[in-house]
Amino acid sequence: MNVTRILLLLISIAIAIGPIGTALIIYRDNLVDLVVPPEASEVMTKLSTEKPSAAFENYEYDASSRTVTLKVSIKNPYTFNLIINSLSADVECTAHHFHLGRVYSDIPQNIPAKSTTSIEMTVKWDEGVEAHIDSDHSGQSSILVDLVQLAADVQGISVQLQSRISLSDPVPIR
Amino acid sequence: MKLNRINWFGLAGGLTVVVLVFASVAFAYPWWQLEVGEGFFEAHTSPMNTNFSLLGNMLTIPLIYFLNLTCLLSLIASAVAMLFYSVLPTKSYSKDLLGFAYKKPLVTLLVFVIGLLIVTYAAGLLFQISFPMVGSTTVRLPASMSGGTEINVPIVTSFTWIFWLAVVAAALCIAARLYHKRIAPTQPPTQPN
């Protein structure tokens, strides 16, 4: 075997063993960190333990356009920004499960890290809803409603809740 | 130095590997990339530089970093040896340089593609999520992961032009090995008189 061949063989061995050997020496006390970095565990723990939360702030009803505007505040508990591209839900009368319309917001909202942002969603009552309110809720100035099929587009990922969400405050209807 | 004694395939292959290393390391161009949602999770991978981003948080897996370092040193050594060999292909040590250099780009490419196949297959087994190596799909998370909520995740994967440059580099290095027989044919053993 000539000198060149021996030299090249040594270079090959050094390249193959050097970096991995160095890694094993550096991480000899905690080999798990070699595969799962601490910052990844931290982010995954945050994602699984802390969830964004939504709270209904208030409603506004414009009788002339028969439009209800819901204001929802969404809290981002994470240390990174969240972008909500759209938010929508079907609104149903709690008492009769009558479909009143679909609230939506399709204006992308950037919720900065560790902060709360208000999102406005609107729904327009049509004549069928007016008829339902006149016949089944006559004399009432507000009704309790549920949100069903709540759908959100968060950073391109679509999330749809299957459960029914009952709003604690009644919605003004007159 | 005679021009007809230069292994032009080797020279082109060596220079292509240099460009490949420079683009992958200095400019961090990935060979393959994966995007989940709109910036929710991103993976930019190459045998020499790999980084992950989860909601804007850069993640580096040390094991992959050191494997990338191995590939980087291997390709640098390959490029240097191939360039030396290409301009001096008839020296006594040239065939050793060629043997050392010509397989490394191809081996790196194969290891990278096989690694990707394993990762995509393992993701399917572990998380019941399947996505193509090239293309886009929308994955519905299994109920066990989404807690009853319907979650659809768009996934886009693609090879970049750097990957195809790596294919060209590997092909040129193999061509250099084949062309070597024409510019430096093996001398038949001399017959004793």
# chains A, B, ... in the order shown; residues from 1 in each chain; ligands from 1
$ closest_atom_pairs --of "chain B" --to "chain A" --cutoff "6 Å" --atoms "only C-alpha atoms" --output "JSON lines"
{"residue": "B:Gly37", "atom": "CA", "partner": "A:Gly156", "partner_atom": "CA", "distance": 4.4}
{"residue": "B:Glu38", "atom": "CA", "partner": "A:Gln155", "partner_atom": "CA", "distance": 4.7}
{"residue": "B:Ile61", "atom": "CA", "partner": "A:Pro37", "partner_atom": "CA", "distance": 5.8}
{"residue": "B:Pro62", "atom": "CA", "partner": "A:Leu34", "partner_atom": "CA", "distance": 5.0}
{"residue": "B:Leu63", "atom": "CA", "partner": "A:Leu34", "partner_atom": "CA", "distance": 5.3}
{"residue": "B:Phe66", "atom": "CA", "partner": "A:Pro19", "partner_atom": "CA", "distance": 5.5}
{"residue": "B:Thr70", "atom": "CA", "partner": "A:Ile15", "partner_atom": "CA", "distance": 5.9}
{"residue": "B:Thr149", "atom": "CA", "partner": "A:Leu161", "partner_atom": "CA", "distance": 5.0}
{"residue": "B:Glu150", "atom": "CA", "partner": "A:Gln160", "partner_atom": "CA", "distance": 5.0}
{"residue": "B:Ile151", "atom": "CA", "partner": "A:Val159", "partner_atom": "CA", "distance": 4.5}
{"residue": "B:Asn152", "atom": "CA", "partner": "A:Ser158", "partner_atom": "CA", "distance": 5.2}
{"residue": "B:Val153", "atom": "CA", "partner": "A:Ile157", "partner_atom": "CA", "distance": 4.9}
$ write_last_selection --atoms "N, CA, C and O atoms" --output "PDB file, in the first residue's frame"
ATOM      1  N   GLY B  37     -48.362  24.133   7.224  1.00  0.00           N
ATOM      2  CA  GLY B  37     -49.122  25.360   7.448  1.00  0.00           C
ATOM      3  C   GLY B  37     -48.380  26.554   6.865  1.00  0.00           C
ATOM      4  O   GLY B  37     -47.539  26.396   5.967  1.00  0.00           O
ATOM      5  N   GLU B  38     -48.690  27.737   7.382  1.00  0.00           N
ATOM      6  CA  GLU B  38     -47.987  28.945   6.919  1.00  0.00           C
ATOM      7  C   GLU B  38     -46.990  29.361   7.997  1.00  0.00           C
ATOM      8  O   GLU B  38     -47.314  30.122   8.897  1.00  0.00           O
ATOM      9  N   ILE B  61     -30.885  20.126  15.769  1.00  0.00           N
ATOM     10  CA  ILE B  61     -30.687  18.824  16.415  1.00  0.00           C
ATOM     11  C   ILE B  61     -29.196  18.513  16.345  1.00  0.00           C
ATOM     12  O   ILE B  61     -28.634  18.376  15.252  1.00  0.00           O
ATOM     13  N   PRO B  62     -28.516  18.452  17.501  1.00  0.00           N
ATOM     14  CA  PRO B  62     -27.058  18.281  17.492  1.00  0.00           C
ATOM     15  C   PRO B  62     -26.579  17.089  16.670  1.00  0.00           C
ATOM     16  O   PRO B  62     -25.591  17.198  15.948  1.00  0.00           O
ATOM     17  N   LEU B  63     -27.296  15.955  16.767  1.00  0.00           N
ATOM     18  CA  LEU B  63     -26.848  14.763  16.025  1.00  0.00           C
ATOM     19  C   LEU B  63     -26.828  15.057  14.520  1.00  0.00           C
ATOM     20  O   LEU B  63     -25.865  14.710  13.823  1.00  0.00           O
ATOM     21  N   PHE B  66     -23.873  17.299  13.589  1.00  0.00           N
ATOM     22  CA  PHE B  66     -22.579  16.614  13.460  1.00  0.00           C
ATOM     23  C   PHE B  66     -22.550  15.690  12.235  1.00  0.00           C
ATOM     24  O   PHE B  66     -21.504  15.530  11.603  1.00  0.00           O
ATOM     25  N   THR B  70     -19.946  15.885   9.034  1.00  0.00           N
ATOM     26  CA  THR B  70     -19.263  14.750   8.402  1.00  0.00           C
ATOM     27  C   THR B  70     -19.402  14.834   6.875  1.00  0.00           C
ATOM     28  O   THR B  70     -18.415  14.685   6.141  1.00  0.00           O
ATOM     29  N   THR B 149     -61.086  17.185  17.973  1.00  0.00           N
ATOM     30  CA  THR B 149     -61.211  18.351  17.101  1.00  0.00           C
ATOM     31  C   THR B 149     -60.697  17.987  15.710  1.00  0.00           C
ATOM     32  O   THR B 149     -59.705  17.271  15.594  1.00  0.00           O
ATOM     33  N   GLU B 150     -61.414  18.460  14.692  1.00  0.00           N
ATOM     34  CA  GLU B 150     -60.966  18.148  13.338  1.00  0.00           C
ATOM     35  C   GLU B 150     -59.866  19.135  12.944  1.00  0.00           C
ATOM     36  O   GLU B 150     -60.099  20.339  12.878  1.00  0.00           O
ATOM     37  N   ILE B 151     -58.677  18.619  12.725  1.00  0.00           N
ATOM     38  CA  ILE B 151     -57.542  19.490  12.371  1.00  0.00           C
ATOM     39  C   ILE B 151     -56.954  19.028  11.040  1.00  0.00           C
ATOM     40  O   ILE B 151     -56.568  17.870  10.895  1.00  0.00           O
ATOM     41  N   ASN B 152     -56.957  19.930  10.071  1.00  0.00           N
ATOM     42  CA  ASN B 152     -56.387  19.637   8.763  1.00  0.00           C
ATOM     43  C   ASN B 152     -55.126  20.459   8.571  1.00  0.00           C
ATOM     44  O   ASN B 152     -55.142  21.682   8.753  1.00  0.00           O
ATOM     45  N   VAL B 153     -54.067  19.765   8.232  1.00  0.00           N
ATOM     46  CA  VAL B 153     -52.754  20.413   8.152  1.00  0.00           C
ATOM     47  C   VAL B 153     -52.224  20.320   6.720  1.00  0.00           C
ATOM     48  O   VAL B 153     -51.989  19.222   6.225  1.00  0.00           O
TER      49      VAL B 153
END
$ atom_distance --atom1 "atom CA of A:Ile107" --atom2 "atom CA of A:Ser86"
6.4 Å
$ residues_around --residues "A:Thr67" --least-positions-apart "5" --cutoff "9 Å" --atoms "only C-alpha atoms" --output "list in words"
Glu60, Tyr61, Asp62, Thr122, Val123, Lys124 and Trp125 of chain A
$ select_by_dssp --residues "chain B" --states "strand (DSSP E or B)" --output "count of residues only"
33
$ residues_around --residues "B:Lys104" --least-positions-apart "3" --cutoff "9 Å" --atoms "only C-alpha atoms" --output "list in words"
Cys71, Ser74, Leu75, Ser78, Phe100, Ala101, Val107, Thr108, Leu109, Ala170 and Cys173 of chain B
$ closest_residue --among "A:Val171, A:Ser48, A:Ser141, A:Leu10" --to "A:Lys71" --atoms "only C-alpha atoms"
A:Val171
$ residues_around --residues "A:His132" --least-positions-apart "5" --cutoff "10 Å" --atoms "only C-alpha atoms" --output "number ranges by chain"
A: 93, 96, 98-100, 127, 137-138
$ write_last_selection --atoms "N, CA, C and O atoms" --output "mmCIF file, in the first residue's frame"
data_model
loop_
_atom_site.group_PDB
_atom_site.id
_atom_site.type_symbol
_atom_site.label_atom_id
_atom_site.label_comp_id
_atom_site.auth_asym_id
_atom_site.auth_seq_id
_atom_site.Cartn_x
_atom_site.Cartn_y
_atom_site.Cartn_z
ATOM 1 N N CYS A 93 -79.901 29.414 17.702
ATOM 2 C CA CYS A 93 -80.704 29.770 18.865
ATOM 3 C C CYS A 93 -80.654 28.593 19.848
ATOM 4 O O CYS A 93 -80.894 27.446 19.467
ATOM 5 N N HIS A 96 -84.109 26.593 20.364
ATOM 6 C CA HIS A 96 -84.737 25.831 19.271
ATOM 7 C C HIS A 96 -83.742 25.236 18.276
ATOM 8 O O HIS A 96 -84.149 24.590 17.319
ATOM 9 N N PHE A 98 -82.320 26.754 16.083
ATOM 10 C CA PHE A 98 -82.634 27.358 14.790
ATOM 11 C C PHE A 98 -81.370 28.059 14.272
ATOM 12 O O PHE A 98 -80.714 28.814 14.998
ATOM 13 N N HIS A 99 -81.044 27.795 13.011
ATOM 14 C CA HIS A 99 -79.823 28.385 12.433
ATOM 15 C C HIS A 99 -80.041 29.869 12.142
ATOM 16 O O HIS A 99 -80.878 30.247 11.331
ATOM 17 N N LEU A 100 -79.285 30.705 12.837
ATOM 18 C CA LEU A 100 -79.476 32.154 12.706
ATOM 19 C C LEU A 100 -78.527 32.783 11.677
ATOM 20 O O LEU A 100 -78.782 33.879 11.190
ATOM 21 N N GLU A 127 -84.500 37.265 6.523
ATOM 22 C CA GLU A 127 -85.940 37.359 6.837
ATOM 23 C C GLU A 127 -86.440 36.137 7.603
ATOM 24 O O GLU A 127 -87.340 36.235 8.429
ATOM 25 N N HIS A 137 -89.710 34.223 19.734
ATOM 26 C CA HIS A 137 -89.078 35.034 20.780
ATOM 27 C C HIS A 137 -89.770 36.391 20.893
ATOM 28 O O HIS A 137 -89.099 37.399 21.179
ATOM 29 N N SER A 138 -91.053 36.413 20.639
ATOM 30 C CA SER A 138 -91.782 37.690 20.696
ATOM 31 C C SER A 138 -91.733 38.218 22.137
ATOM 32 O O SER A 138 -91.851 37.464 23.108
#
$ residues_around --residues "B:Ile6" --least-positions-apart "6" --cutoff "10 Å" --atoms "only C-alpha atoms" --output "ChimeraX atom specification"
/B:85-90,180,183
$ write_last_selection --atoms "all heavy atoms" --output "CSV table (one decimal), in the first residue's frame"
chain,number,residue,atom,x,y,z
B,85,TYR,N,-6.7,15.7,-8.9
B,85,TYR,CA,-6.6,14.6,-9.9
B,85,TYR,C,-6.9,15.1,-11.3
B,85,TYR,O,-6.1,14.7,-12.2
B,85,TYR,CB,-7.7,13.5,-9.5
B,85,TYR,CG,-8.0,12.7,-10.7
B,85,TYR,CD1,-7.2,11.7,-11.2
B,85,TYR,CD2,-9.2,13.0,-11.4
B,85,TYR,CE1,-7.5,11.0,-12.4
B,85,TYR,CE2,-9.5,12.3,-12.5
B,85,TYR,CZ,-8.7,11.3,-13.0
B,85,TYR,OH,-9.0,10.7,-14.2
B,86,SER,N,-7.9,15.9,-11.5
B,86,SER,CA,-8.3,16.3,-12.8
B,86,SER,C,-7.2,16.9,-13.6
B,86,SER,O,-7.1,16.8,-14.9
B,86,SER,CB,-9.5,17.2,-12.8
B,86,SER,OG,-10.6,16.5,-12.1
B,87,VAL,N,-6.4,17.8,-13.0
B,87,VAL,CA,-5.3,18.5,-13.7
B,87,VAL,C,-4.1,17.6,-13.8
B,87,VAL,O,-3.2,17.9,-14.7
B,87,VAL,CB,-5.0,19.8,-13.1
B,87,VAL,CG1,-6.2,20.8,-13.3
B,87,VAL,CG2,-4.6,19.7,-11.6
B,88,LEU,N,-4.0,16.6,-13.0
B,88,LEU,CA,-2.8,15.7,-13.1
B,88,LEU,C,-3.2,14.3,-13.1
B,88,LEU,O,-2.9,13.5,-12.2
B,88,LEU,CB,-1.9,16.0,-11.9
B,88,LEU,CG,-1.3,17.4,-11.7
B,88,LEU,CD1,-0.8,17.6,-10.3
B,88,LEU,CD2,-0.3,17.7,-12.7
B,89,PRO,N,-4.0,13.9,-14.1
B,89,PRO,CA,-4.6,12.5,-14.0
B,89,PRO,C,-3.6,11.4,-14.3
B,89,PRO,O,-3.9,10.2,-14.1
B,89,PRO,CB,-5.6,12.6,-15.1
B,89,PRO,CG,-5.2,13.6,-16.1
B,89,PRO,CD,-4.3,14.6,-15.3
B,90,THR,N,-2.4,11.7,-14.8
B,90,THR,CA,-1.5,10.6,-15.1
B,90,THR,C,-0.4,10.4,-14.1
B,90,THR,O,0.5,9.5,-14.3
B,90,THR,CB,-0.8,10.9,-16.5
B,90,THR,OG1,-0.3,12.2,-16.5
B,90,THR,CG2,-1.8,10.8,-17.6
B,180,HIS,N,-11.4,8.4,-17.1
B,180,HIS,CA,-10.0,8.2,-16.7
B,180,HIS,C,-9.4,7.1,-17.6
B,180,HIS,O,-8.2,7.1,-17.9
B,180,HIS,CB,-10.0,7.8,-15.2
B,180,HIS,CG,-8.6,7.5,-14.7
B,180,HIS,ND1,-7.7,8.4,-14.5
B,180,HIS,CD2,-8.1,6.3,-14.4
B,180,HIS,CE1,-6.6,7.8,-14.1
B,180,HIS,NE2,-6.8,6.5,-14.0
B,183,ILE,N,-7.9,8.6,-20.8
B,183,ILE,CA,-6.8,9.5,-20.7
B,183,ILE,C,-5.6,8.9,-20.0
B,183,ILE,O,-4.5,9.3,-20.2
B,183,ILE,CB,-7.1,10.9,-20.1
B,183,ILE,CG1,-7.7,10.7,-18.7
B,183,ILE,CG2,-8.0,11.7,-21.0
B,183,ILE,CD1,-7.8,12.0,-17.9
$ atom_distance --atom1 "atom CA of A:Glu42" --atom2 "atom CA of B:Leu125"
24.4 Å
$ residues_around --residues "A:Val103" --least-positions-apart "5" --cutoff "10 Å" --atoms "only C-alpha atoms" --output "ChimeraX atom specification"
/A:68-70,87-91,120-124,147,150
$ write_last_selection --atoms "C-alpha atoms" --output "JSON list (two decimals), in the first residue's frame"
[["chain", "number", "residue", "atom", "x", "y", "z"],
["A", 68, "VAL", "CA", -74.91, 41.50, 14.85],
["A", 69, "THR", "CA", -71.25, 42.14, 15.56],
["A", 70, "LEU", "CA", -69.54, 39.84, 18.07],
["A", 87, "LEU", "CA", -62.54, 32.54, 12.14],
["A", 88, "SER", "CA", -66.14, 31.48, 11.57],
["A", 89, "ALA", "CA", -68.98, 29.65, 13.28],
["A", 90, "ASP", "CA", -72.66, 28.88, 12.79],
["A", 91, "VAL", "CA", -74.93, 30.68, 15.25],
["A", 120, "GLU", "CA", -64.82, 41.26, 15.32],
["A", 121, "MET", "CA", -67.16, 38.78, 13.68],
["A", 122, "THR", "CA", -70.41, 39.74, 12.02],
["A", 123, "VAL", "CA", -73.64, 37.93, 11.18],
["A", 124, "LYS", "CA", -76.60, 39.30, 9.29],
["A", 147, "LEU", "CA", -71.84, 28.55, 18.33],
["A", 150, "LEU", "CA", -66.47, 26.77, 15.00]]
$ atom_distance --atom1 "atom CA of B:Ile174" --atom2 "atom CA of B:Pro105"
9.2 Å
$ select_by_dssp --residues "stretch 25-170 of chain B" --states "helix (DSSP H, G or I)" --output "VMD selection string"
chain B and resid 25 62 to 87 94 to 101 104 to 127 143 to 146 161 to 170
$ decode --residues "stretch 94-106 of chain A" --atoms "all heavy atoms" --output "short mmCIF file (atom, residue, chain, number, x, y, z; two decimals), in the first residue's frame"
data_model
loop_
_atom_site.label_atom_id
_atom_site.label_comp_id
_atom_site.auth_asym_id
_atom_site.auth_seq_id
_atom_site.Cartn_x
_atom_site.Cartn_y
_atom_site.Cartn_z
N THR A 94 -80.28 28.86 21.09
CA THR A 94 -80.09 27.77 22.07
C THR A 94 -81.40 27.01 22.31
O THR A 94 -81.41 25.77 22.40
CB THR A 94 -79.58 28.35 23.41
OG1 THR A 94 -78.40 29.10 23.15
CG2 THR A 94 -79.29 27.27 24.42
N ALA A 95 -82.49 27.74 22.37
CA ALA A 95 -83.77 27.12 22.72
C ALA A 95 -84.30 26.20 21.62
O ALA A 95 -84.85 25.13 21.91
CB ALA A 95 -84.79 28.20 23.03
N HIS A 96 -84.11 26.59 20.36
CA HIS A 96 -84.74 25.83 19.27
C HIS A 96 -83.74 25.24 18.28
O HIS A 96 -84.15 24.59 17.32
CB HIS A 96 -85.71 26.75 18.51
CG HIS A 96 -86.66 27.48 19.39
ND1 HIS A 96 -86.46 28.80 19.79
CD2 HIS A 96 -87.80 27.08 20.01
CE1 HIS A 96 -87.43 29.18 20.59
NE2 HIS A 96 -88.27 28.16 20.76
N HIS A 97 -82.46 25.48 18.49
CA HIS A 97 -81.41 25.06 17.56
C HIS A 97 -81.69 25.58 16.15
O HIS A 97 -81.35 24.95 15.15
CB HIS A 97 -81.26 23.53 17.54
CG HIS A 97 -80.61 23.00 18.78
ND1 HIS A 97 -80.15 21.70 18.91
CD2 HIS A 97 -80.35 23.58 19.98
CE1 HIS A 97 -79.64 21.52 20.12
NE2 HIS A 97 -79.77 22.65 20.78
N PHE A 98 -82.32 26.75 16.08
CA PHE A 98 -82.63 27.36 14.79
C PHE A 98 -81.37 28.06 14.27
O PHE A 98 -80.71 28.81 15.00
CB PHE A 98 -83.78 28.37 14.95
CG PHE A 98 -84.22 28.99 13.64
CD1 PHE A 98 -85.19 28.37 12.87
CD2 PHE A 98 -83.66 30.18 13.19
CE1 PHE A 98 -85.59 28.93 11.66
CE2 PHE A 98 -84.04 30.73 11.99
CZ PHE A 98 -85.01 30.11 11.21
N HIS A 99 -81.04 27.80 13.01
CA HIS A 99 -79.82 28.38 12.43
C HIS A 99 -80.04 29.87 12.14
O HIS A 99 -80.88 30.25 11.33
CB HIS A 99 -79.46 27.65 11.14
CG HIS A 99 -78.17 28.15 10.53
ND1 HIS A 99 -78.14 28.91 9.39
CD2 HIS A 99 -76.88 28.00 10.92
CE1 HIS A 99 -76.88 29.21 9.10
NE2 HIS A 99 -76.10 28.65 10.00
N LEU A 100 -79.29 30.71 12.84
CA LEU A 100 -79.48 32.15 12.71
C LEU A 100 -78.53 32.78 11.68
O LEU A 100 -78.78 33.88 11.19
CB LEU A 100 -79.24 32.84 14.07
CG LEU A 100 -80.14 32.37 15.22
CD1 LEU A 100 -79.65 32.92 16.54
CD2 LEU A 100 -81.59 32.81 14.98
N GLY A 101 -77.47 32.09 11.38
CA GLY A 101 -76.51 32.64 10.41
C GLY A 101 -75.11 32.17 10.74
O GLY A 101 -74.92 31.32 11.60
N ARG A 102 -74.14 32.70 10.01
CA ARG A 102 -72.76 32.30 10.25
C ARG A 102 -71.91 33.55 10.50
O ARG A 102 -71.86 34.45 9.66
CB ARG A 102 -72.22 31.51 9.05
CG ARG A 102 -70.86 30.88 9.31
CD ARG A 102 -70.55 29.78 8.31
NE ARG A 102 -69.25 29.17 8.60
CZ ARG A 102 -69.05 28.22 9.52
NH1 ARG A 102 -70.05 27.75 10.21
NH2 ARG A 102 -67.84 27.73 9.73
N VAL A 103 -71.31 33.59 11.68
CA VAL A 103 -70.40 34.71 11.96
C VAL A 103 -69.04 34.40 11.37
O VAL A 103 -68.63 33.24 11.32
CB VAL A 103 -70.23 34.97 13.48
CG1 VAL A 103 -71.44 35.66 14.06
CG2 VAL A 103 -69.91 33.70 14.23
N TYR A 104 -68.39 35.43 10.90
CA TYR A 104 -67.07 35.18 10.31
C TYR A 104 -66.19 36.41 10.42
O TYR A 104 -66.68 37.54 10.56
CB TYR A 104 -67.21 34.76 8.84
CG TYR A 104 -67.76 35.86 7.96
CD1 TYR A 104 -66.91 36.76 7.33
CD2 TYR A 104 -69.13 36.01 7.80
CE1 TYR A 104 -67.42 37.78 6.54
CE2 TYR A 104 -69.65 37.03 7.02
CZ TYR A 104 -68.79 37.92 6.40
OH TYR A 104 -69.30 38.93 5.65
N SER A 105 -64.93 36.16 10.35
CA SER A 105 -63.94 37.22 10.23
C SER A 105 -62.86 36.67 9.31
O SER A 105 -62.29 35.61 9.60
CB SER A 105 -63.34 37.57 11.59
OG SER A 105 -62.19 38.36 11.39
N ASP A 106 -62.66 37.32 8.19
CA ASP A 106 -61.64 36.80 7.27
C ASP A 106 -60.48 37.79 7.09
O ASP A 106 -59.77 37.74 6.10
CB ASP A 106 -62.25 36.41 5.92
CG ASP A 106 -63.01 37.56 5.29
OD1 ASP A 106 -62.97 38.66 5.86
OD2 ASP A 106 -63.65 37.34 4.24
#
